[in-house]
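Colleague: Below is the file my_file-v5.cif, which contains mmCIF, C-alpha atoms.
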data_upload
loop_
_atom_site.label_atom_id
_atom_site.label_comp_id
_atom_site.auth_asym_id
_atom_site.auth_seq_id
_atom_site.Cartn_x
_atom_site.Cartn_y
_atom_site.Cartn_z
CA ARG A 1 -295.13 57.25 -65.41
CA MET A 2 -291.59 57.90 -64.20
CA LYS A 3 -291.38 54.32 -62.94
CA LYS A 4 -292.49 52.98 -66.32
CA LEU A 5 -289.91 55.11 -68.14
CA ASN A 6 -287.13 53.94 -65.81
CA LYS A 7 -288.20 50.37 -66.36
CA LYS A 8 -288.07 50.74 -70.13
CA LYS A 9 -284.61 52.31 -69.93
CA ILE A 10 -283.29 49.46 -67.79
CA GLU A 11 -284.78 46.86 -70.18
CA ALA A 12 -283.16 48.61 -73.15
CA GLU A 13 -279.78 48.63 -71.38
CA ILE A 14 -280.04 44.95 -70.44
CA LYS A 15 -280.91 43.81 -73.97
CA THR A 16 -277.83 42.74 -75.95
CA SER A 17 -277.54 42.12 -79.63
CA PHE A 18 -274.47 39.87 -79.25
CA SER A 19 -274.84 36.26 -80.54
CA PRO A 20 -271.82 33.89 -80.25
CA LYS A 21 -270.52 32.00 -83.29
CA LEU A 22 -270.26 28.21 -82.72
CA CYS A 23 -268.37 25.64 -84.77
CA LYS A 24 -269.97 22.45 -86.12
CA LYS A 25 -268.63 20.24 -83.29
CA SER A 26 -269.93 22.50 -80.52
CA LEU A 27 -273.30 22.71 -82.29
CA LYS A 28 -273.49 18.89 -82.34
CA ILE A 29 -272.67 18.72 -78.62
CA ALA A 30 -275.27 21.38 -77.83
CA ASN A 31 -277.93 19.53 -79.83
CA ARG A 32 -277.04 16.21 -78.17
CA LYS A 33 -277.18 17.71 -74.66
CA SER A 34 -280.52 19.31 -75.35
CA GLN A 35 -281.99 15.94 -76.42
CA ASP A 36 -280.77 13.90 -73.38
CA THR A 37 -282.03 14.68 -69.89
CA PHE A 38 -279.96 14.58 -66.70
CA LEU A 39 -281.45 11.24 -65.60
CA ASP A 40 -280.69 9.70 -69.01
CA ARG A 41 -277.07 10.79 -68.72
CA VAL A 42 -276.81 9.31 -65.19
CA ALA A 43 -278.28 6.01 -66.40
CA LYS A 44 -275.82 5.89 -69.31
CA GLU A 45 -272.88 6.55 -66.99
CA ARG A 46 -274.05 3.76 -64.71
CA GLN A 47 -274.30 1.35 -67.63
CA LEU A 48 -270.80 2.27 -68.78
CA LYS A 49 -269.41 1.69 -65.26
CA GLN A 50 -271.16 -1.69 -65.07
CA LEU A 51 -269.74 -2.70 -68.45
CA SER A 52 -266.24 -1.66 -67.40
CA LYS A 53 -266.55 -3.69 -64.18
CA GLU A 54 -267.69 -6.77 -66.09
CA ARG A 55 -264.82 -6.39 -68.52
CA ASN A 56 -262.32 -6.09 -65.65
CA LEU A 57 -263.74 -9.20 -64.00
CA GLU A 58 -263.55 -11.14 -67.25
CA SER A 59 -259.95 -10.08 -67.77
CA ASN A 60 -258.96 -10.98 -64.17
CA LYS A 61 -260.69 -14.38 -64.27
CA ASP A 62 -258.54 -17.43 -63.72
CA PRO A 63 -259.10 -20.05 -66.47
CA GLU A 64 -259.06 -22.83 -63.84
CA CYS A 65 -261.80 -21.19 -61.75
CA THR A 66 -264.90 -22.35 -63.65
CA PHE A 67 -267.28 -22.76 -60.69
CA THR A 68 -270.41 -20.60 -60.76
CA PRO A 69 -272.78 -20.92 -57.77
CA LYS A 70 -276.51 -21.37 -58.34
CA ILE A 71 -278.34 -18.38 -56.86
CA THR A 72 -282.09 -18.08 -56.47
CA LYS A 73 -284.10 -15.20 -57.90
CA ILE A 74 -284.67 -13.73 -54.41
CA ALA A 75 -280.91 -13.83 -53.66
CA ARG A 76 -280.17 -12.04 -56.92
CA ARG A 77 -282.52 -9.23 -55.99
CA LYS A 78 -280.87 -8.76 -52.60
CA HIS A 79 -278.20 -6.14 -52.07
CA PRO A 80 -274.67 -7.62 -51.55
CA ARG A 81 -273.56 -7.25 -47.93
CA SER A 82 -270.24 -5.82 -46.78
CA VAL A 83 -267.86 -7.34 -44.20
CA ILE A 84 -269.11 -4.97 -41.45
CA GLU A 85 -272.73 -5.84 -42.19
CA MET A 86 -271.95 -9.56 -42.03
CA SER A 87 -269.92 -9.38 -38.79
CA LEU A 88 -271.14 -6.47 -36.66
CA GLY A 89 -274.61 -6.31 -38.22
CA ASP A 90 -275.29 -10.01 -37.66
CA SER A 91 -274.10 -9.84 -34.03
CA LEU A 92 -276.37 -6.84 -33.35
CA LYS A 93 -279.31 -8.66 -34.95
CA LYS A 94 -278.58 -11.71 -32.78
CA GLN A 95 -278.48 -9.59 -29.60
CA GLU A 96 -281.76 -7.94 -30.57
CA ARG A 97 -283.35 -11.35 -31.21
CA ILE A 98 -282.17 -12.62 -27.79
CA ARG A 99 -283.54 -9.48 -26.11
CA THR A 100 -286.94 -9.89 -27.73
CA MET A 101 -287.04 -13.58 -26.78
CA LYS A 102 -286.21 -12.73 -23.14
CA LYS A 103 -288.99 -10.15 -23.06
CA LYS A 104 -291.40 -12.74 -24.48
CA VAL A 105 -290.41 -15.30 -21.83
CA ASP A 106 -290.77 -12.70 -19.04
CA LYS A 107 -294.24 -11.76 -20.26
CA GLU A 108 -295.30 -15.41 -20.31
CA GLU A 109 -293.98 -15.91 -16.75
CA LEU A 110 -295.81 -12.80 -15.52
CA LYS A 111 -299.05 -14.12 -17.02
CA LYS A 112 -298.70 -17.26 -14.87
CA LEU A 113 -298.30 -15.17 -11.68
CA THR A 114 -301.99 -14.59 -10.94
CA PHE A 115 -301.78 -14.22 -7.13
CA LYS A 116 -303.25 -11.01 -5.75
CA PRO A 117 -303.15 -10.41 -1.97
CA LYS A 118 -306.34 -9.29 -0.25
CA THR A 119 -305.78 -6.01 1.57
CA ARG A 120 -308.10 -4.33 4.06
CA LYS A 121 -308.95 -0.71 3.78
CA GLY A 122 -307.45 1.01 6.81
CA ASN A 123 -309.47 3.21 9.14
CA GLN A 124 -308.99 6.84 8.17
CA ASN A 125 -309.40 8.06 11.77
CA VAL A 126 -306.41 6.06 13.07
CA GLU A 127 -303.54 8.28 14.16
CA GLY A 128 -299.81 7.59 13.79
CA CYS A 129 -297.50 6.75 16.72
CA LEU A 130 -295.69 10.08 16.52
CA ARG A 131 -298.92 12.18 16.57
CA LEU A 132 -297.19 15.06 14.78
CA LEU A 133 -300.40 16.52 13.38
CA SER A 134 -302.55 16.22 16.49
CA GLU A 135 -299.93 16.98 19.23
CA PRO A 136 -296.84 18.63 17.68
CA GLU A 137 -296.02 20.63 20.87
CA THR A 138 -295.45 17.56 23.07
CA TYR A 139 -293.36 15.65 20.51
CA LEU A 140 -289.95 16.40 22.10
CA GLN A 141 -291.25 15.73 25.61
CA ARG A 142 -292.63 12.35 24.54
CA ILE A 143 -289.28 11.45 22.94
CA ARG A 144 -287.46 12.32 26.21
CA GLU A 145 -289.91 10.20 28.21
CA THR A 146 -289.44 7.23 25.90
CA HIS A 147 -285.65 7.58 26.19
CA LEU A 148 -285.86 7.71 30.01
CA CYS A 149 -288.07 4.62 30.06
CA LEU A 150 -285.60 2.78 27.86
CA ASN A 151 -282.68 3.79 30.11
CA GLU A 152 -284.57 2.58 33.21
CA LYS A 153 -285.34 -0.74 31.53
CA GLN A 154 -281.70 -1.15 30.53
CA LYS A 155 -280.52 -0.40 34.10
CA GLU A 156 -283.05 -2.88 35.53
CA ALA A 157 -281.84 -5.52 33.08
CA VAL A 158 -278.22 -4.89 34.19
CA ARG A 159 -279.24 -5.21 37.89
CA MET A 160 -281.08 -8.44 37.21
CA LYS A 161 -278.08 -9.83 35.34
CA GLU A 162 -275.73 -8.93 38.25
CA ALA A 163 -278.10 -10.49 40.80
CA LYS A 164 -278.23 -13.66 38.74
CA GLU A 165 -274.45 -13.77 38.55
CA LEU A 166 -274.18 -13.26 42.35
CA GLU A 167 -276.62 -16.12 43.00
CA GLU A 168 -274.18 -18.42 41.27
CA CYS A 169 -271.36 -17.26 43.62
CA THR A 170 -271.90 -19.68 46.56
CA PHE A 171 -268.38 -19.41 48.08
CA THR A 172 -268.33 -18.29 51.77
CA PRO A 173 -264.90 -17.78 53.45
CA THR A 174 -264.20 -19.00 56.95
CA ILE A 175 -263.58 -16.07 59.35
CA THR A 176 -261.55 -16.52 62.52
CA THR A 177 -262.43 -14.52 65.66
CA LEU A 178 -259.94 -11.97 66.97
CA PRO A 179 -258.03 -12.71 70.16
CA LYS A 180 -258.90 -10.73 73.36
CA TYR A 181 -255.84 -8.47 73.43
CA LEU A 182 -256.50 -7.41 69.79
CA LYS A 183 -260.16 -6.83 70.51
CA SER A 184 -259.29 -4.47 73.41
CA HIS A 185 -256.87 -2.54 71.19
CA THR A 186 -259.50 -2.12 68.44
CA GLU A 187 -262.14 -1.07 70.97
CA CYS A 188 -259.78 1.58 72.40
CA ALA A 189 -259.02 2.86 68.92
CA THR A 190 -262.71 3.15 68.01
CA GLU A 191 -263.42 4.98 71.30
CA ARG A 192 -260.66 7.51 70.54
CA GLU A 193 -262.02 8.11 67.02
CA GLU A 194 -265.53 8.67 68.41
CA LYS A 195 -264.22 11.19 70.99
CA LEU A 196 -262.24 13.07 68.34
CA GLN A 197 -265.33 13.22 66.09
CA SER A 198 -267.52 14.45 68.97
CA LYS A 199 -265.04 17.31 69.70
#
Starting from the file, lay out its structure as structure tokens.

Modeller:
Amino acid sequence: RMKKLNKKKIEAEIKTSFSPKLCKKSLKIANRKSQDTFLDRVAKERQLKQLSKERNLESNKDPECTFTPKITKIARRKHPRSVIEMSLGDSLKKQERIRTMKKKVDKEELKKLTFKPKTRKGNQNVEGCLRLLSEPETYLQRIRETHLCLNEKQKEAVRMKEAKELEECTFTPTITTLPKYLKSHTECATEREEKLQSK
């Protein structure tokens, strides 16, 4: 009940008995606005703009310029293009056309490539060379062994190369025999060295 009473009080306060007095001109404007919708007003404004454009064009026309191009019905329906649309837009369209053509050509070429190699199914039980899953503990040892084998092979190859090079060296120098007095001196010297070493 209290809510209803409060509501009635608020409604009574809100209600106003004031009514504005309008002149004849404002009444006409109000009546005219009430008749026309927003869309009608927009359409009228557009028509007025179009008429003003046509009038401006007619006023700016050169009397010598009498040529009027023949345009088809489809061309008339089309939207007039701007400078950017004609320059940048056309170039983008051209690039897109080239891209699509390239894709088409690539697809046709791929269709011609019908070769498929025959592959054998590998044995599942075959182990890899490293044997990491089956023998992970001996991995480092096996690597060391392989390195040692490689080093031995390299050394053997070096020895073989040197032997080959020495075979080509066929020069033998002529050695003269020592005279007797020099031989006795050398023998004495060797005997002394032997005695010293034995002591």

Colleague: Would you compute the distance between CA of Thr66 (chain A) and CA of Ser52 (chain A)? Give it in Å to one decimal.

Modeller: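 Distance reported for this atom pair: 21.1 Å.
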
Colleague: CA of Asn6 (chain A) to CA of Pro20 (chain A): how many Å, to one decimal?

Modeller: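 Interatomic distance here is 29.1 Å.
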
Colleague: What does the distance between CA of Ser87 (chain A) and CA of Gln50 (chain A) come to in Å, to one decimal place?

Modeller: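 Separation between CA of Ser87 (chain A) and CA of Gln50 (chain A): 27.4 Å.
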
Colleague: Find the spatial neighbours of Cys129 (chain A), counting all atoms listed in the file, within a cut-off of 12 Å - ignore same-chain residues fewer than 3 positions away - and output them as a list in words.

Modeller: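 Everything that qualifies: Val126, Leu132, Leu133, Ser134, Glu135, Pro136, Tyr139, Arg142 and Ile143 of chain A.
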
Colleague: Would you mind writing region 40-51 of chain A with all heavy atoms, as an mmCIF file, keeping the file's coordinate frame?

Modeller:
data_model
loop_
_atom_site.group_PDB
_atom_site.id
_atom_site.type_symbol
_atom_site.label_atom_id
_atom_site.label_comp_id
_atom_site.auth_asym_id
_atom_site.auth_seq_id
_atom_site.Cartn_x
_atom_site.Cartn_y
_atom_site.Cartn_z
ATOM 1 N N ASP A 40 -281.174 10.580 -67.947
ATOM 2 C CA ASP A 40 -280.690 9.700 -69.010
ATOM 3 C C ASP A 40 -279.170 9.608 -68.987
ATOM 4 O O ASP A 40 -278.593 8.525 -69.158
ATOM 5 C CB ASP A 40 -281.148 10.233 -70.383
ATOM 6 C CG ASP A 40 -282.657 10.121 -70.554
ATOM 7 O OD1 ASP A 40 -283.245 9.205 -69.948
ATOM 8 O OD2 ASP A 40 -283.240 10.958 -71.273
ATOM 9 N N ARG A 41 -278.519 10.756 -68.763
ATOM 10 C CA ARG A 41 -277.070 10.790 -68.720
ATOM 11 C C ARG A 41 -276.524 9.972 -67.545
ATOM 12 O O ARG A 41 -275.522 9.251 -67.689
ATOM 13 C CB ARG A 41 -276.564 12.238 -68.626
ATOM 14 C CG ARG A 41 -276.730 13.024 -69.914
ATOM 15 C CD ARG A 41 -275.828 14.256 -69.931
ATOM 16 N NE ARG A 41 -276.088 15.196 -68.869
ATOM 17 C CZ ARG A 41 -277.050 16.114 -68.900
ATOM 18 N NH1 ARG A 41 -277.870 16.206 -69.950
ATOM 19 N NH2 ARG A 41 -277.224 16.946 -67.890
ATOM 20 N N VAL A 42 -277.199 10.082 -66.386
ATOM 21 C CA VAL A 42 -276.810 9.310 -65.190
ATOM 22 C C VAL A 42 -276.933 7.821 -65.454
ATOM 23 O O VAL A 42 -276.057 7.024 -65.102
ATOM 24 C CB VAL A 42 -277.651 9.729 -63.972
ATOM 25 C CG1 VAL A 42 -277.448 8.768 -62.796
ATOM 26 C CG2 VAL A 42 -277.312 11.141 -63.528
ATOM 27 N N ALA A 43 -278.047 7.429 -66.082
ATOM 28 C CA ALA A 43 -278.280 6.010 -66.400
ATOM 29 C C ALA A 43 -277.225 5.478 -67.347
ATOM 30 O O ALA A 43 -276.724 4.354 -67.190
ATOM 31 C CB ALA A 43 -279.669 5.856 -67.021
ATOM 32 N N LYS A 44 -276.861 6.300 -68.356
ATOM 33 C CA LYS A 44 -275.820 5.890 -69.310
ATOM 34 C C LYS A 44 -274.477 5.712 -68.619
ATOM 35 O O LYS A 44 -273.742 4.757 -68.893
ATOM 36 C CB LYS A 44 -275.700 6.943 -70.425
ATOM 37 C CG LYS A 44 -276.728 6.769 -71.527
ATOM 38 C CD LYS A 44 -276.560 7.831 -72.578
ATOM 39 C CE LYS A 44 -277.663 7.729 -73.648
ATOM 40 N NZ LYS A 44 -277.528 8.804 -74.655
ATOM 41 N N GLU A 45 -274.139 6.643 -67.740
ATOM 42 C CA GLU A 45 -272.880 6.550 -66.990
ATOM 43 C C GLU A 45 -272.826 5.289 -66.140
ATOM 44 O O GLU A 45 -271.794 4.635 -66.040
ATOM 45 C CB GLU A 45 -272.716 7.782 -66.103
ATOM 46 C CG GLU A 45 -272.180 9.011 -66.840
ATOM 47 C CD GLU A 45 -272.125 10.250 -65.968
ATOM 48 O OE1 GLU A 45 -272.257 10.113 -64.733
ATOM 49 O OE2 GLU A 45 -271.959 11.347 -66.519
ATOM 50 N N ARG A 46 -273.966 4.961 -65.534
ATOM 51 C CA ARG A 46 -274.050 3.760 -64.710
ATOM 52 C C ARG A 46 -273.832 2.499 -65.549
ATOM 53 O O ARG A 46 -273.132 1.575 -65.140
ATOM 54 C CB ARG A 46 -275.426 3.705 -64.025
ATOM 55 C CG ARG A 46 -275.462 2.800 -62.796
ATOM 56 C CD ARG A 46 -276.815 2.801 -62.148
ATOM 57 N NE ARG A 46 -277.089 4.036 -61.435
ATOM 58 C CZ ARG A 46 -278.292 4.426 -61.033
ATOM 59 N NH1 ARG A 46 -279.346 3.680 -61.314
ATOM 60 N NH2 ARG A 46 -278.455 5.548 -60.372
ATOM 61 N N GLN A 47 -274.470 2.496 -66.728
ATOM 62 C CA GLN A 47 -274.300 1.350 -67.630
ATOM 63 C C GLN A 47 -272.849 1.188 -68.063
ATOM 64 O O GLN A 47 -272.323 0.069 -68.116
ATOM 65 C CB GLN A 47 -275.196 1.542 -68.872
ATOM 66 C CG GLN A 47 -276.652 1.214 -68.604
ATOM 67 C CD GLN A 47 -277.543 1.531 -69.794
ATOM 68 O OE1 GLN A 47 -277.078 2.020 -70.828
ATOM 69 N NE2 GLN A 47 -278.839 1.261 -69.642
ATOM 70 N N LEU A 48 -272.209 2.321 -68.373
ATOM 71 C CA LEU A 48 -270.800 2.270 -68.780
ATOM 72 C C LEU A 48 -269.910 1.735 -67.666
ATOM 73 O O LEU A 48 -268.986 0.950 -67.909
ATOM 74 C CB LEU A 48 -270.334 3.678 -69.200
ATOM 75 C CG LEU A 48 -270.855 4.210 -70.548
ATOM 76 C CD1 LEU A 48 -270.663 5.709 -70.631
ATOM 77 C CD2 LEU A 48 -270.149 3.511 -71.706
ATOM 78 N N LYS A 49 -270.179 2.173 -66.429
ATOM 79 C CA LYS A 49 -269.410 1.690 -65.260
ATOM 80 C C LYS A 49 -269.590 0.195 -65.074
ATOM 81 O O LYS A 49 -268.632 -0.528 -64.788
ATOM 82 C CB LYS A 49 -269.868 2.429 -63.997
ATOM 83 C CG LYS A 49 -269.203 3.786 -63.822
ATOM 84 C CD LYS A 49 -269.695 4.451 -62.556
ATOM 85 C CE LYS A 49 -269.104 5.851 -62.391
ATOM 86 N NZ LYS A 49 -269.638 6.532 -61.186
ATOM 87 N N GLN A 50 -270.845 -0.272 -65.223
ATOM 88 C CA GLN A 50 -271.160 -1.690 -65.070
ATOM 89 C C GLN A 50 -270.428 -2.519 -66.124
ATOM 90 O O GLN A 50 -269.878 -3.585 -65.824
ATOM 91 C CB GLN A 50 -272.681 -1.906 -65.184
ATOM 92 C CG GLN A 50 -273.153 -3.291 -64.759
ATOM 93 C CD GLN A 50 -273.008 -3.533 -63.274
ATOM 94 O OE1 GLN A 50 -273.084 -2.609 -62.479
ATOM 95 N NE2 GLN A 50 -272.761 -4.780 -62.906
ATOM 96 N N LEU A 51 -270.428 -2.000 -67.348
ATOM 97 C CA LEU A 51 -269.740 -2.700 -68.450
ATOM 98 C C LEU A 51 -268.235 -2.785 -68.200
ATOM 99 O O LEU A 51 -267.606 -3.823 -68.437
ATOM 100 C CB LEU A 51 -270.010 -1.986 -69.783
ATOM 101 C CG LEU A 51 -271.395 -2.211 -70.415
ATOM 102 C CD1 LEU A 51 -271.664 -1.140 -71.456
ATOM 103 C CD2 LEU A 51 -271.495 -3.598 -71.022
#
